[in-house]
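Peer 1: Could you have a look at this structure, given as structure tokens, before my questions?
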Amino acid sequence: MIVTNESNLHNGIFNAINKWMGRSRNPDPDYYRVTELVRPVQQVLLQRRHNDEITVDAMDMLNAFRGSAVHELLSKYDAMNALQEEFLDVEIGGHRVKGIPDYYDGNDFTLVDFKNCRVWKYVYQDFSDWEEQTNIYDYMLFVYGFKVKKLYVAAMFDDWSPTRAKASKDYPQHRAVVIPLKKWSRKKQRQTILKKIERLEAAKHLKDEDLPPCSYDDMWEKPTVYAVMKQERKTSIKNYENDEEGAQRHVNELTDTKKGTFYVEMRPGERTRCEHYCSASEFCYQFKMHKLSQEEQEEVA
């Protein structure tokens, strides 16, 4: 992976990010990382195959770098009978899996993952990926002989606002919160890991264009919205997700029965992960076809 400094970060920060990324820049074909098991198959394999060609700007890695710095600081202040940032290597179904759980407390048998994230993650209560990752670590600790009773994420919000916290009870009331996660059965943990590995192994010999496509959830897709608007009104009357015809029918009905000028405003959707959080998107056939389709739609419009 090639790290650039197109955004002109200070050399001290750029050099630190460059060295930090060098720790895990080259994927090892002999094992899978836990962080790979919780990502889409297509993304993992494209990143492995094109690792030497992928270019990322240091600015795009800044948040991840800050999160890693927090992890390293926390690991320096060990609690009694705690396991922090310890490397685990286990064999499951004939394949090796490696990972580094953030914090295991042997006093109360809790496993905690530290996360730097945005507030929307908490607002939408979307913790399924965290739950999956933490349960995989739980299984690995079990293999090592450690007992785990409860799972948590300690979330620290990059964009937290005290003003919004006062205005809404649904907004996190503090900059950092502890979130309990569901602990799976041992059978489900193992089956999940084996299924993830099975999918990766089944696809690793396929051509790039034949890799299993990412789902809408995988891509964090936001749908294209067709908003029914009235001239001189700032907000929409109604929004239609991926339904231009429905929006146009609504406009026609309003035009026939109401006074004023009505029209449809298209608000393009986005595949957020592909656009902003996948370093292999330029090598992804699915994403290329999506962008081509968008360009064709814009030309028609």
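Each chain of the structure tokens is named A, B, ... in the order shown, its residues numbered from 1; ligands are numbered from 1 in display order.
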Using only C-alpha atoms, which residues sit within 12 Å of stretch 185-197 of chain A once same-chain residues fewer than 3 positions away are excluded, as a VMD selection string?

Peer 2: chain A and resid 31 to 42 44 to 45 90 to 98 131 to 143 147 to 149 182 200 to 204

Peer 1: Would you kindly return, as a count of residues only, each protein, DNA or RNA residue with an atom no farther than 12 Å from any atom of stretch 285-299 of chain A, considering only C-alpha atoms and excluding same-chain residues fewer than 3 positions away?

Peer 2: 29

Peer 1: Between A:Thr235, A:Asn63, A:Asp108, A:Leu83, which one has atoms that come closest to A:Asp159, using only C-alpha atoms?

Peer 2: A:Asn63

Peer 1: Do you know which residues are at most 12 Å from A:Trp20 counting only C-alpha atoms, after dropping those on the same chain fewer than 4 positions away, and could you put them as an MDAnalysis selection string?

Peer 2: chainID A and resid 3 13:16 24:25 58 61:62 64:69 72

Peer 1: Include N, CA, C and O atoms and write out the residues we just selected as a CSV table (one decimal), in the first residue's frame.

Peer 2:
chain,number,residue,atom,x,y,z
A,3,VAL,N,1.3,5.2,0.6
A,3,VAL,CA,0.7,6.3,1.4
A,3,VAL,C,1.2,7.6,0.8
A,3,VAL,O,2.4,7.8,0.8
A,13,ILE,N,3.4,14.3,11.3
A,13,ILE,CA,2.2,13.5,11.4
A,13,ILE,C,2.2,12.5,10.2
A,13,ILE,O,1.9,11.3,10.4
A,14,PHE,N,2.6,13.0,9.0
A,14,PHE,CA,2.6,12.1,7.9
A,14,PHE,C,3.6,10.9,8.1
A,14,PHE,O,3.2,9.7,7.9
A,15,ASN,N,4.8,11.2,8.6
A,15,ASN,CA,5.7,10.1,8.9
A,15,ASN,C,5.2,9.1,9.9
A,15,ASN,O,5.5,7.9,9.7
A,16,ALA,N,4.6,9.6,10.9
A,16,ALA,CA,4.0,8.7,11.9
A,16,ALA,C,2.9,7.8,11.3
A,16,ALA,O,2.9,6.6,11.6
A,24,SER,N,1.0,-3.2,9.4
A,24,SER,CA,0.1,-4.3,8.9
A,24,SER,C,-0.2,-4.1,7.4
A,24,SER,O,-1.2,-4.4,6.9
A,25,ARG,N,0.8,-3.4,6.7
A,25,ARG,CA,0.5,-3.1,5.3
A,25,ARG,C,0.5,-4.3,4.4
A,25,ARG,O,-0.3,-4.3,3.4
A,58,ALA,N,-2.7,10.1,3.5
A,58,ALA,CA,-2.5,10.1,4.9
A,58,ALA,C,-3.7,10.8,5.6
A,58,ALA,O,-4.1,10.4,6.7
A,61,MET,N,-6.5,8.6,6.6
A,61,MET,CA,-6.2,7.7,7.6
A,61,MET,C,-6.1,8.3,9.0
A,61,MET,O,-5.8,7.6,10.0
A,62,LEU,N,-6.3,9.6,9.0
A,62,LEU,CA,-6.1,10.4,10.3
A,62,LEU,C,-6.9,9.9,11.4
A,62,LEU,O,-6.5,9.7,12.6
A,64,ALA,N,-8.4,7.0,11.8
A,64,ALA,CA,-8.0,5.6,12.3
A,64,ALA,C,-6.7,5.7,13.1
A,64,ALA,O,-6.5,5.0,14.0
A,65,PHE,N,-5.8,6.6,12.7
A,65,PHE,CA,-4.5,6.8,13.4
A,65,PHE,C,-4.7,7.3,14.8
A,65,PHE,O,-4.1,6.8,15.7
A,66,ARG,N,-5.6,8.2,14.9
A,66,ARG,CA,-6.0,8.8,16.2
A,66,ARG,C,-6.6,7.7,17.1
A,66,ARG,O,-6.3,7.6,18.3
A,67,GLY,N,-7.4,6.8,16.5
A,67,GLY,CA,-8.0,5.7,17.3
A,67,GLY,C,-6.9,4.8,17.8
A,67,GLY,O,-7.0,4.3,18.9
A,68,SER,N,-6.0,4.5,16.9
A,68,SER,CA,-4.9,3.6,17.3
A,68,SER,C,-4.0,4.2,18.4
A,68,SER,O,-3.6,3.5,19.3
A,69,ALA,N,-3.8,5.5,18.3
A,69,ALA,CA,-3.0,6.2,19.4
A,69,ALA,C,-3.7,6.0,20.7
A,69,ALA,O,-3.1,5.8,21.8
A,72,GLU,N,-3.1,2.6,22.1
A,72,GLU,CA,-1.7,2.4,22.6
A,72,GLU,C,-1.6,3.1,24.0
A,72,GLU,O,-0.9,2.5,24.9

Peer 1: Considering only C-alpha atoms, can you say which of A:His10, A:Lys150, A:Arg48, A:His205 comes closest to A:Ile179?

Peer 2: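 So, comparing all the options, the nearest one is A:Lys150.
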
Peer 1: Of the residues A:Ala227, A:Ser161, A:Val123, A:Thr110, which is the one nearest to A:Pro180, using only C-alpha atoms?

Peer 2: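 For A:Pro180, the nearest of the given residues is A:Thr110.
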
Peer 1: Applying 7 Å and only C-alpha atoms, which residues near A:Val112 remain after dropping the ones on its own chain fewer than 3 positions away? List them as number ranges by chain.

Peer 2: A: 102-104, 151-154

Peer 1: One decimal, Å: what's the distance from atom CA of A:Arg164 over to atom CA of A:Gln125, could you say?

Peer 2: 17.0 Å
